[in-house]
>>> print(open('protein-v7.txt').read())   # compact mmCIF, C-alpha atoms
# COMPACT_ATOMS: atom_id res chain seq x y z
CA MET A 1 154.57 82.82 108.86
CA GLU A 2 152.81 82.50 112.21
CA TRP A 3 150.32 85.22 111.19
CA LEU A 4 148.86 82.92 108.55
CA TYR A 5 147.52 80.66 111.28
CA ILE A 6 144.67 81.40 113.65
CA LEU A 7 143.87 79.61 116.89
CA MET A 8 140.28 78.41 116.87
CA PRO A 9 138.84 79.42 120.26
CA ILE A 10 136.52 76.44 120.64
CA ALA A 11 138.30 73.60 118.81
CA GLY A 12 141.69 74.72 120.18
CA VAL A 13 143.63 74.05 116.96
CA LYS A 14 145.62 76.39 114.76
CA ILE A 15 144.21 76.63 111.25
CA PHE A 16 145.71 78.10 108.07
CA TRP A 17 143.06 80.85 107.62
CA PRO A 18 143.78 81.72 103.94
CA GLY A 19 142.92 78.07 103.22
CA LEU A 20 139.49 78.61 104.79
CA ILE A 21 138.92 81.71 102.64
CA ILE A 22 139.98 79.88 99.44
CA LEU A 23 137.72 76.94 100.32
CA GLY A 24 134.89 79.39 101.02
CA ILE A 25 135.36 81.13 97.66
CA GLY A 26 135.38 77.79 95.82
CA VAL A 27 132.26 76.33 97.40
CA GLY A 28 130.57 79.74 97.30
CA ILE A 29 131.04 79.98 93.54
CA ILE A 30 129.86 76.42 92.94
CA GLY A 31 126.96 76.69 95.41
CA GLY A 32 125.69 79.94 93.90
CA PHE A 33 126.04 78.56 90.39
CA PHE A 34 124.44 75.13 90.88
CA GLY A 35 122.12 75.81 93.82
CA MET A 36 123.50 73.39 96.36
CA GLY A 37 124.95 73.45 99.86
CA GLY A 38 128.01 71.47 98.84
CA ALA A 39 128.77 69.57 102.06
CA TRP A 40 130.39 66.84 99.94
CA MET A 41 133.03 69.38 98.85
CA VAL A 42 133.57 71.18 102.16
CA THR A 43 134.22 68.21 104.44
CA PRO A 44 137.35 66.92 102.63
CA GLY A 45 138.62 70.50 102.42
CA LEU A 46 138.22 71.06 106.15
CA ASN A 47 139.82 67.69 106.77
CA ILE A 48 142.93 68.70 104.83
CA LEU A 49 143.21 71.97 106.73
CA GLY A 50 143.36 69.94 109.95
CA PHE A 51 139.90 70.82 111.17
CA PRO A 52 138.55 68.55 113.96
CA MET A 53 135.69 66.51 112.55
CA ALA A 54 133.57 67.08 115.69
CA PHE A 55 133.09 70.66 114.48
CA ALA A 56 133.19 70.09 110.73
CA ILE A 57 129.46 69.55 110.08
CA GLY A 58 128.23 72.40 112.31
CA THR A 59 130.80 74.84 110.91
CA ASP A 60 129.98 73.80 107.36
CA ILE A 61 126.23 74.26 107.90
CA ALA A 62 126.74 77.65 109.59
CA HIS A 63 128.73 79.01 106.65
CA MET A 64 126.33 77.33 104.21
CA ALA A 65 123.40 79.22 105.80
CA GLY A 66 125.07 82.59 105.27
CA LYS A 67 126.28 81.72 101.79
CA SER A 68 122.91 80.43 100.55
CA LEU A 69 121.19 83.50 102.03
CA ILE A 70 123.36 85.74 99.85
CA SER A 71 122.83 83.55 96.77
CA THR A 72 119.05 83.36 97.36
CA MET A 73 118.85 87.15 97.70
CA ARG A 74 120.68 87.60 94.41
CA HIS A 75 118.75 84.85 92.59
CA GLY A 76 115.53 86.33 94.03
CA LYS A 77 116.32 89.72 92.46
CA PHE A 78 116.97 87.99 89.14
CA GLY A 79 113.54 86.34 89.43
CA ASN A 80 115.10 82.88 89.72
CA VAL A 81 113.37 81.86 92.97
CA ASP A 82 109.86 80.40 92.90
CA TYR A 83 108.96 80.92 96.55
CA LYS A 84 105.62 79.13 96.28
CA LEU A 85 107.31 76.07 94.81
CA GLY A 86 110.04 76.29 97.46
CA MET A 87 107.51 76.28 100.31
CA ILE A 88 105.50 73.40 98.80
CA MET A 89 108.67 71.38 98.32
CA LEU A 90 109.90 72.11 101.82
CA VAL A 91 107.01 70.06 103.25
CA GLY A 92 107.74 67.04 101.04
CA THR A 93 111.52 67.30 101.56
CA VAL A 94 111.26 67.34 105.35
CA VAL A 95 108.74 64.49 105.58
CA GLY A 96 110.63 62.44 102.98
CA PHE A 97 113.93 63.07 104.73
CA GLU A 98 112.54 61.92 108.07
CA VAL A 99 111.11 58.74 106.52
CA GLY A 100 114.46 58.04 104.81
CA ALA A 101 116.47 58.71 107.99
CA GLN A 102 114.19 56.42 110.05
CA MET A 103 114.41 53.74 107.38
CA ILE A 104 118.21 53.80 107.39
CA MET A 105 118.22 53.48 111.21
CA TRP A 106 115.94 50.46 110.91
CA LEU A 107 118.23 48.94 108.26
CA GLU A 108 121.25 49.61 110.47
CA ARG A 109 119.70 47.56 113.23
CA LEU A 110 119.44 44.69 110.75
CA GLY A 111 123.11 44.94 109.81
CA SER A 112 125.74 47.20 108.24
CA VAL A 113 124.23 49.20 105.43
CA GLU A 114 127.09 51.58 104.71
CA LYS A 115 128.31 49.71 101.65
CA VAL A 116 124.77 49.36 100.28
CA VAL A 117 124.13 53.08 100.76
CA ARG A 118 127.34 54.01 98.96
CA VAL A 119 126.57 51.71 96.05
CA MET A 120 123.06 53.16 95.88
CA TYR A 121 124.50 56.68 95.90
CA LEU A 122 126.86 55.74 93.09
CA ILE A 123 124.00 54.32 91.00
CA LEU A 124 121.96 57.47 91.61
CA LEU A 125 124.84 59.75 90.61
CA SER A 126 125.43 57.68 87.47
CA LEU A 127 121.73 58.01 86.63
CA ILE A 128 121.82 61.79 87.12
CA ALA A 129 124.97 62.11 84.98
CA TRP A 130 123.37 59.95 82.26
CA MET A 131 120.19 62.07 82.42
CA VAL A 132 122.14 65.31 81.97
CA PHE A 133 124.28 64.13 79.06
CA HIS A 134 121.41 62.26 77.39
CA ASP A 135 119.42 65.50 77.57
CA VAL A 136 122.31 67.43 76.00
CA ALA A 137 122.58 64.85 73.19
CA VAL A 138 118.81 64.99 72.51
CA LYS A 139 118.90 68.80 72.45
CA LYS A 140 121.77 68.77 69.92
CA ARG A 141 119.94 66.24 67.75
CA LYS A 142 116.80 68.42 67.79
CA GLU A 143 118.85 71.48 66.87
CA ARG A 144 120.42 69.64 63.93
CA GLU A 145 116.98 68.53 62.70
CA LEU A 146 115.62 72.07 62.97
CA ALA A 147 118.67 73.49 61.20
CA ALA A 148 118.20 70.96 58.39
CA ALA A 149 114.61 72.19 58.04
CA GLY A 150 115.83 75.80 58.00
CA LEU A 151 114.31 76.59 61.38
CA GLU A 152 115.74 77.90 64.63
CA ALA A 153 115.12 76.42 68.08
CA ASP A 154 113.22 78.43 70.71
CA LYS A 155 115.59 79.78 73.35
CA LEU A 156 113.66 77.98 76.11
CA ALA A 157 113.47 74.68 74.19
CA THR A 158 114.96 71.69 75.96
CA GLY A 159 116.22 68.29 74.91
CA VAL A 160 114.24 65.73 76.88
CA GLU A 161 110.74 66.80 77.88
CA TRP A 162 109.72 64.23 80.47
CA HIS A 163 108.03 66.95 82.51
CA LYS A 164 105.31 67.30 79.86
CA THR A 165 104.15 63.76 80.66
CA PHE A 166 104.08 64.55 84.40
CA HIS A 167 102.14 67.76 83.75
CA LYS A 168 99.33 65.66 82.26
CA ILE A 169 98.47 64.52 85.79
CA LYS A 170 95.54 66.73 86.71
CA ILE A 171 94.79 65.68 90.29
CA PRO A 172 93.50 68.72 92.21
CA PRO A 173 94.53 71.08 93.67
CA MET A 174 96.26 72.56 90.64
CA VAL A 175 98.89 75.24 91.24
CA HIS A 176 100.29 77.96 89.05
CA LEU A 177 103.97 78.46 89.78
CA HIS A 178 104.58 81.84 88.22
CA ALA A 179 108.37 82.22 88.43
CA ALA A 180 108.87 78.69 87.10
CA GLY A 181 106.12 79.15 84.51
CA ILE A 182 104.50 75.85 85.45
CA TYR A 183 100.85 74.89 85.88
CA CYS A 184 100.57 71.46 87.46
CA SER A 185 98.99 69.37 90.18
CA ALA A 186 100.29 70.39 93.65
CA TRP A 187 100.89 66.67 94.24
CA LEU A 188 103.68 66.66 91.66
CA PRO A 189 106.12 68.95 93.56
CA ILE A 190 105.05 67.32 96.84
CA LEU A 191 105.81 63.82 95.52
CA VAL A 192 109.05 64.91 93.85
CA SER A 193 110.27 66.62 97.03
CA PHE A 194 109.19 63.64 99.12
CA ALA A 195 111.15 61.28 96.84
CA THR A 196 114.27 63.49 96.74
CA GLY A 197 114.02 64.07 100.52
CA TRP A 198 113.62 60.33 101.11
CA LEU A 199 116.70 59.58 98.97
CA ALA A 200 118.68 62.31 100.73
CA GLY A 201 117.62 60.85 104.11
CA ILE A 202 118.72 57.37 103.11
CA LEU A 203 122.01 58.58 101.67
CA GLY A 204 122.71 61.02 104.52
CA ILE A 205 123.25 64.02 102.25
CA GLY A 206 121.70 67.48 101.95
CA GLY A 207 119.94 66.71 98.70
CA GLY A 208 120.80 69.66 96.45
CA LEU A 209 122.59 67.30 94.09
CA ILE A 210 119.34 65.33 93.60
CA ARG A 211 116.79 68.13 93.95
CA MET A 212 118.23 70.42 91.28
CA PRO A 213 117.98 67.88 88.39
CA SER A 214 114.55 66.74 89.68
CA LEU A 215 113.26 70.30 89.47
CA ILE A 216 114.48 70.46 85.87
CA TYR A 217 113.59 67.04 84.50
CA ILE A 218 110.44 66.10 86.42
CA LEU A 219 108.85 69.45 87.26
CA GLY A 220 110.08 71.22 84.12
CA CYS A 221 111.64 74.27 85.81
CA PRO A 222 113.94 76.41 83.69
CA THR A 223 117.54 75.70 84.80
CA HIS A 224 118.01 79.13 86.43
CA VAL A 225 114.77 78.83 88.44
CA ALA A 226 115.74 75.31 89.56
CA VAL A 227 119.06 76.68 90.88
CA GLY A 228 117.43 79.63 92.70
CA THR A 229 114.57 77.63 94.21
CA ASP A 230 116.93 74.89 95.39
CA LEU A 231 119.07 77.52 97.12
CA PHE A 232 115.97 78.86 98.89
CA GLU A 233 115.46 75.41 100.42
CA VAL A 234 119.14 75.12 101.35
CA MET A 235 118.94 78.54 103.05
CA ILE A 236 115.98 77.64 105.30
CA SER A 237 117.33 74.25 106.31
CA GLY A 238 120.83 75.74 106.71
CA LEU A 239 119.68 78.48 109.10
CA TYR A 240 117.88 76.00 111.31
CA GLY A 241 120.81 73.57 111.05
CA ALA A 242 123.23 76.30 112.15
CA ALA A 243 121.09 77.02 115.22
CA THR A 244 120.73 73.43 116.33
CA TYR A 245 124.37 72.45 115.77
CA THR A 246 125.56 75.54 117.60
CA TYR A 247 123.23 74.75 120.49
CA LYS A 248 124.87 71.32 120.69
CA GLY A 249 128.24 73.10 120.84
CA ARG A 250 129.43 71.86 117.45
CA THR A 251 130.03 75.09 115.55
CA GLU A 252 133.36 76.90 115.33
CA LEU A 253 131.97 80.31 114.46
CA VAL A 254 135.37 81.92 113.85
CA ALA A 255 136.08 79.38 111.10
CA ALA A 256 132.55 79.76 109.72
CA ILE A 257 132.96 83.55 109.54
CA ILE A 258 136.35 83.27 107.80
CA MET A 259 134.85 80.83 105.30
CA LEU A 260 131.84 83.11 104.89
CA ILE A 261 134.10 86.03 103.91
CA GLY A 262 135.28 83.98 100.93
CA ALA A 263 131.91 82.31 100.34
CA SER A 264 129.97 85.58 100.23
CA VAL A 265 132.20 86.83 97.42
CA GLY A 266 132.15 83.41 95.74
CA ALA A 267 128.36 83.10 96.04
CA GLN A 268 127.90 86.45 94.30
CA VAL A 269 130.31 85.46 91.54
CA GLY A 270 128.58 82.09 91.06
CA THR A 271 125.10 83.62 91.07
CA VAL A 272 125.96 86.45 88.68
CA ALA A 273 127.71 83.92 86.39
CA THR A 274 124.30 82.24 85.83
CA LYS A 275 123.33 85.48 84.07
CA TYR A 276 125.99 84.94 81.42
CA ILE A 277 125.88 81.18 81.08
CA LYS A 278 122.83 79.67 79.38
CA GLY A 279 120.83 76.89 81.01
CA TYR A 280 122.59 74.10 79.13
CA GLY A 281 126.00 75.47 80.11
CA ILE A 282 124.95 75.11 83.75
CA ARG A 283 123.57 71.61 83.11
CA ILE A 284 126.79 70.37 81.46
CA VAL A 285 129.07 71.68 84.24
CA PHE A 286 126.63 70.21 86.79
CA GLY A 287 126.88 66.85 85.00
CA LEU A 288 130.67 66.99 85.24
CA ALA A 289 130.42 67.80 88.97
CA VAL A 290 128.16 64.78 89.44
CA ILE A 291 130.71 62.55 87.65
CA GLY A 292 133.48 63.88 89.92
CA CYS A 293 131.36 63.26 93.00
CA GLY A 294 130.57 59.76 91.70
CA ILE A 295 134.26 58.91 91.23
CA SER A 296 135.02 60.08 94.79
CA VAL A 297 132.20 57.84 96.11
CA ALA A 298 133.57 54.92 94.07
CA LEU A 299 136.99 55.52 95.64
CA LYS A 300 135.35 55.13 99.06
CA ILE A 301 133.79 51.81 98.01
CA VAL A 302 136.95 50.21 96.54
CA PRO A 303 138.80 49.85 99.92
CA THR A 304 135.94 47.76 101.31
CA TYR A 305 137.03 45.10 98.79
CA VAL A 306 140.78 45.92 98.79
CA PRO A 307 141.59 47.29 102.30
CA SER A 308 145.33 47.63 101.56
CA ILE A 309 144.74 50.60 99.24
CA LYS A 310 142.49 52.57 101.61
CA THR A 311 144.99 55.40 102.19
CA ILE A 312 145.66 55.80 98.46
CA CYS A 313 141.94 55.83 97.69
CA ASP A 314 141.15 58.35 100.46
CA ASN A 315 143.92 60.70 99.35
CA THR A 316 142.97 60.37 95.68
CA SER A 317 139.32 61.07 96.53
CA THR A 318 140.21 64.22 98.50
CA ALA A 319 142.60 65.41 95.78
CA LEU A 320 139.96 64.76 93.12
CA ILE A 321 137.23 66.69 94.92
CA LEU A 322 139.48 69.66 95.66
CA SER A 323 140.82 69.72 92.07
CA LEU A 324 137.25 69.59 90.81
CA VAL A 325 136.23 72.48 93.08
CA ALA A 326 139.24 74.50 91.89
CA ALA A 327 138.72 73.76 88.19
CA MET A 328 134.98 74.50 88.24
CA SER A 329 135.44 77.67 90.29
CA VAL A 330 138.07 78.99 87.87
CA TYR A 331 135.83 78.15 84.87
CA ILE A 332 132.77 79.87 86.38
CA PHE A 333 134.85 82.88 87.47
CA VAL A 334 136.36 83.30 83.99
CA LYS A 335 132.91 83.04 82.37
CA MET A 336 131.53 85.61 84.81
CA VAL A 337 134.38 88.07 84.09
CA GLN A 338 134.00 87.59 80.32
CA GLY A 339 130.23 88.11 80.53
CA ALA A 340 130.57 91.20 82.73
CA LYS A 341 133.16 92.69 80.35
CA GLN A 342 130.84 92.18 77.38
CA GLU A 343 127.89 93.70 79.27
CA VAL A 344 129.88 96.76 80.35
CA ALA A 345 131.29 97.20 76.83
CA ALA A 346 127.77 96.95 75.34
CA LYS A 347 126.47 99.56 77.78
CA LYS A 348 129.35 101.92 76.95
CA ALA A 349 128.74 101.43 73.22
CA ALA A 350 125.01 102.18 73.66
CA LEU A 351 125.83 105.35 75.63
CA ALA A 352 128.35 106.46 72.99
CA LYS A 353 125.74 105.88 70.27
CA GLN A 354 123.19 107.98 72.18
CA ALA A 355 125.69 110.79 72.70
CA GLY A 356 126.76 110.64 69.06
CA MET B 357 89.66 85.03 108.21
CA ARG B 358 90.41 82.08 105.94
CA LYS B 359 93.73 83.64 105.00
CA ILE B 360 94.68 84.09 108.68
CA TRP B 361 93.83 80.46 109.41
CA LYS B 362 95.92 79.38 106.44
CA LYS B 363 98.86 81.40 107.75
CA VAL B 364 98.47 80.04 111.31
CA ILE B 365 98.30 76.43 110.07
CA GLY B 366 101.25 77.07 107.74
CA LEU B 367 103.33 78.51 110.57
CA GLY B 368 102.41 75.60 112.86
CA ALA B 369 103.41 73.06 110.21
CA PHE B 370 106.65 74.96 109.58
CA LEU B 371 107.56 74.94 113.28
CA ALA B 372 106.74 71.24 113.54
CA MET B 373 109.08 70.51 110.64
CA LEU B 374 112.03 72.51 111.96
CA PRO B 375 113.86 69.62 113.70
CA GLN B 376 113.95 67.62 110.46
CA MET B 377 115.34 70.56 108.53
CA VAL B 378 118.74 70.21 110.10
CA LEU B 379 118.99 66.73 108.62
CA ALA B 380 117.87 68.06 105.28
CA ALA B 381 120.66 70.62 105.54
CA GLY B 382 123.18 67.81 105.29
CA GLY B 383 123.71 67.17 108.96
CA GLY B 384 123.21 64.05 110.99
CA PRO B 385 122.83 62.81 114.55
CA VAL B 386 125.28 64.31 117.04
CA ALA B 387 126.87 62.16 119.76
CA PRO B 388 125.91 63.45 123.25
CA MET B 389 129.22 64.70 124.65
CA VAL B 390 130.24 67.96 126.31
CA ILE B 391 133.08 69.89 124.70
CA VAL B 392 134.83 72.59 126.74
CA ALA B 393 136.87 75.33 125.08
CA ASP B 394 140.40 75.77 126.48
CA THR B 395 140.53 79.56 126.88
CA ARG B 396 143.89 79.72 128.72
CA LYS B 397 145.83 80.58 125.56
CA LEU B 398 143.24 83.04 124.27
CA GLU B 399 143.12 86.81 124.59
CA GLY B 400 140.65 89.63 123.95
CA ILE B 401 137.58 88.90 121.86
CA MET B 402 138.64 85.28 121.29
CA LYS B 403 138.81 84.70 125.06
CA TRP B 404 135.40 86.34 125.49
CA TRP B 405 134.01 84.14 122.74
CA GLY B 406 135.50 80.96 124.27
CA ASP B 407 134.14 81.92 127.70
CA LEU B 408 130.71 82.56 126.23
CA TYR B 409 130.80 79.07 124.70
CA ASN B 410 131.72 77.51 128.05
CA ASN B 411 129.18 79.50 130.05
CA SER B 412 126.03 79.46 127.93
CA TYR B 413 125.23 77.52 124.79
CA VAL B 414 121.98 79.49 124.53
CA GLU B 415 123.65 82.92 124.32
CA PHE B 416 126.35 81.46 122.07
CA THR B 417 123.66 80.06 119.75
CA VAL B 418 121.64 83.27 119.67
CA LEU B 419 124.74 85.30 118.78
CA THR B 420 125.78 82.78 116.11
CA VAL B 421 122.33 82.71 114.52
CA VAL B 422 122.24 86.52 114.45
CA LEU B 423 125.83 86.95 113.27
CA ILE B 424 125.81 84.45 110.37
CA PRO B 425 122.97 86.04 108.33
CA LEU B 426 124.14 89.53 109.32
CA ILE B 427 127.69 88.93 108.09
CA GLY B 428 126.29 87.24 104.99
CA VAL B 429 124.08 90.22 104.21
CA VAL B 430 126.88 92.74 104.89
CA PHE B 431 129.31 90.96 102.56
CA GLY B 432 126.54 90.34 100.04
CA VAL B 433 125.58 94.04 99.95
CA LEU B 434 129.26 94.98 99.71
CA ALA B 435 129.72 92.67 96.72
CA ASP B 436 126.52 94.15 95.23
CA LEU B 437 127.90 97.67 95.51
CA ILE B 438 131.17 96.66 93.88
CA MET B 439 129.44 94.85 91.01
CA THR B 440 126.98 97.71 90.46
CA HIS B 441 129.94 100.13 90.45
CA ILE B 442 131.63 98.00 87.77
CA GLY B 443 128.46 98.34 85.71
CA ILE B 444 126.83 94.90 86.01
CA ASP B 445 123.03 94.90 85.90
CA LEU B 446 122.02 92.96 89.01
CA LYS B 447 118.26 93.23 88.58
CA SER B 448 117.48 91.42 85.37
CA ARG B 449 118.63 88.50 83.32
CA GLU B 450 117.56 86.80 80.14
CA LEU B 451 116.02 83.39 80.77
CA ALA B 452 117.48 81.16 78.08
CA GLU B 453 118.44 77.50 77.94
CA HIS B 454 120.83 77.83 75.00
>>> encode(input="protein-v7.txt", output="structure tokens")
Amino acid sequence: MEWLYILMPIAGVKIFWPGLIILGIGVGIIGGFFGMGGAWMVTPGLNILGFPMAFAIGTDIAHMAGKSLISTMRHGKFGNVDYKLGMIMLVGTVVGFEVGAQMIMWLERLGSVEKVVRVMYLILLSLIAWMVFHDVAVKKRKERELAAAGLEADKLATGVEWHKTFHKIKIPPMVHLHAAGIYCSAWLPILVSFATGWLAGILGIGGGLIRMPSLIYILGCPTHVAVGTDLFEVMISGLYGAATYTYKGRTELVAAIIMLIGASVGAQVGTVATKYIKGYGIRIVFGLAVIGCGISVALKIVPTYVPSIKTICDNTSTALILSLVAAMSVYIFVKMVQGAKQEVAAKKAALAKQAG
Amino acid sequence: MRKIWKKVIGLGAFLAMLPQMVLAAGGGPVAPMVIVADTRKLEGIMKWWGDLYNNSYVEFTVLTVVLIPLIGVVFGVLADLIMTHIGIDLKSRELAEH
């Protein structure tokens, strides 16, 4: 079975290459579907495959750049990317991230902040999960009320509508974001991206997990546009990240390419699946992913209080994340296949009707 | 003229922000240490790749930055062709929340 292993030319370790492809497919599907880079899923996967951590971040970012490029191209063709919004948000994200990163360095000089950051991350994830499921509950309640009145809900109607309050802010300049269908003060996306960038900087994460729900709940983007626009941001930062990490000698390109083979297929599957799954379907699965991520963060916090169970917690956390990636990928893949089958069958039926 | 100025200022701001983007991509500070690839066990293209890494980070970076999007686009287009062949409409979708 020697052929199943490949010697990484830079890291000098033998890696089970089908594992890299499977990991790539999984994170590709989830990334294309939710609009995130997914570093929190890739790192434990690479760890299990025996990948040296010195190369893990660079390799992850390199494959993420290629993967998000494919997803952005596809989402762009679907009309899911608001490029104007993406560019405006890029400014706020970068500035916010820098402020957050500087702040965490300042806090580190005062003392250890790792535990505080993890607890903060856990609170934030809990808040996001609550937001998603509260929104779903409100939407269901509204639907029930409309049904009782003999009416039907608009297909773009949402549960919570916090964004309408934010849209009342009319500080110039006002911008019309066509793909998102939003007319608001330019300061709103700038402030939202600054806040999400700042949080990402403090927490040391990419930010897709925070940015996507912010685009939905604060800016009022339709779910599909939030996913596409978020991926546009991940693509730009990923391409630059790939360059700088490679320049520092921290990218194992062979592994990144192997992962990209799987991720490019996965990204297409995940992106096309958004065509068949309605906005609330995406939101619910996203909420479940956030809960999974939250549990894995909690498992990292527990050993700081009970050091004797560190190994158990670490292993459970890795197993949980990888199971979550597998389960969500399978679900999205099945939904995509079912949707594609229905679409093809409908086309064939229409053609048969025309011929008849 | 105003449009050109806008573009120039935009490009300048974009270039100034580039270093922070890597952090926003999910990365972090990298410890300053030199890693050398052991190419003694490698052969062919892998040996060439390892040697390139040891000799010039610049060339290695340029090739990586070109290869990653290129491979992404190639596989993406390939997947497009397959999906179009199956009969999936890849140009439109219905925007609906439920």
>>> interface_residues(input="protein-v7.txt", of="chain A", to="chain B", cutoff="6 Å", atoms="all atoms listed in the file", output="list in words")
Pro9, Ile10, Gly66, Ile70, Lys77, Phe78, Val94, Lys155, Leu156, Ile205, Gly206, Ser237, Gly238, Tyr240, Gly241, Ala243, Thr246, Tyr247, Ser264, Lys275, Lys278, Gly279, Tyr280 and Val344 of chain A
>>> atom_distance(input="protein-v7.txt", atom1="atom CA of Pro173 of chain A", atom2="atom CA of Leu188 of chain A")
10.4 Å
>>> atom_distance(input="protein-v7.txt", atom1="atom CA of Met120 of chain A", atom2="atom CA of Thr223 of chain A")
25.7 Å
>>> atom_distance(input="protein-v7.txt", atom1="atom CA of His178 of chain A", atom2="atom CA of Ile190 of chain A")
16.9 Å
>>> residues_around(input="protein-v7.txt", residues="Asp60 of chain A", least_positions_apart="2", cutoff="9 Å", atoms="only C-alpha atoms", output="list in words")
Ala39, Val42, Thr43, Leu46, Phe55, Ala56, Ile57, Gly58, Ala62, His63, Met64, Ala65, Ala242, Thr251, Ala256 and Met259 of chain A
>>> closest_residue(input="protein-v7.txt", among="A:Leu239, A:Leu107, A:Ala267, A:Leu351", to="Ser329 of chain A", atoms="all atoms listed in the file")
A:Ala267
>>> residues_near_point(input="protein-v7.txt", point="(108.4, 75.9, 101.5)", cutoff="7 Å", atoms="only C-alpha atoms", output="ChimeraX atom specification")
/A:84-91
>>> closest_residue(input="protein-v7.txt", among="A:Met131, A:Ala148, A:Leu219, A:Glu252", to="Met53 of chain A", atoms="all atoms listed in the file")
A:Glu252
>>> closest_residue(input="protein-v7.txt", among="A:Ile284, A:Val95, A:Ile301, A:Ala101", to="Ser193 of chain A", atoms="all atoms listed in the file")
A:Val95
>>> closest_residue(input="protein-v7.txt", among="A:Cys221, A:Leu4, A:Ile261, A:Leu125", to="Val290 of chain A", atoms="all atoms listed in the file")
A:Leu125
>>> residues_around(input="protein-v7.txt", residues="Lys335 of chain A", least_positions_apart="5", cutoff="8 Å", atoms="only C-alpha atoms", output="PyMOL selection string")
chain A and resi 273+276-277
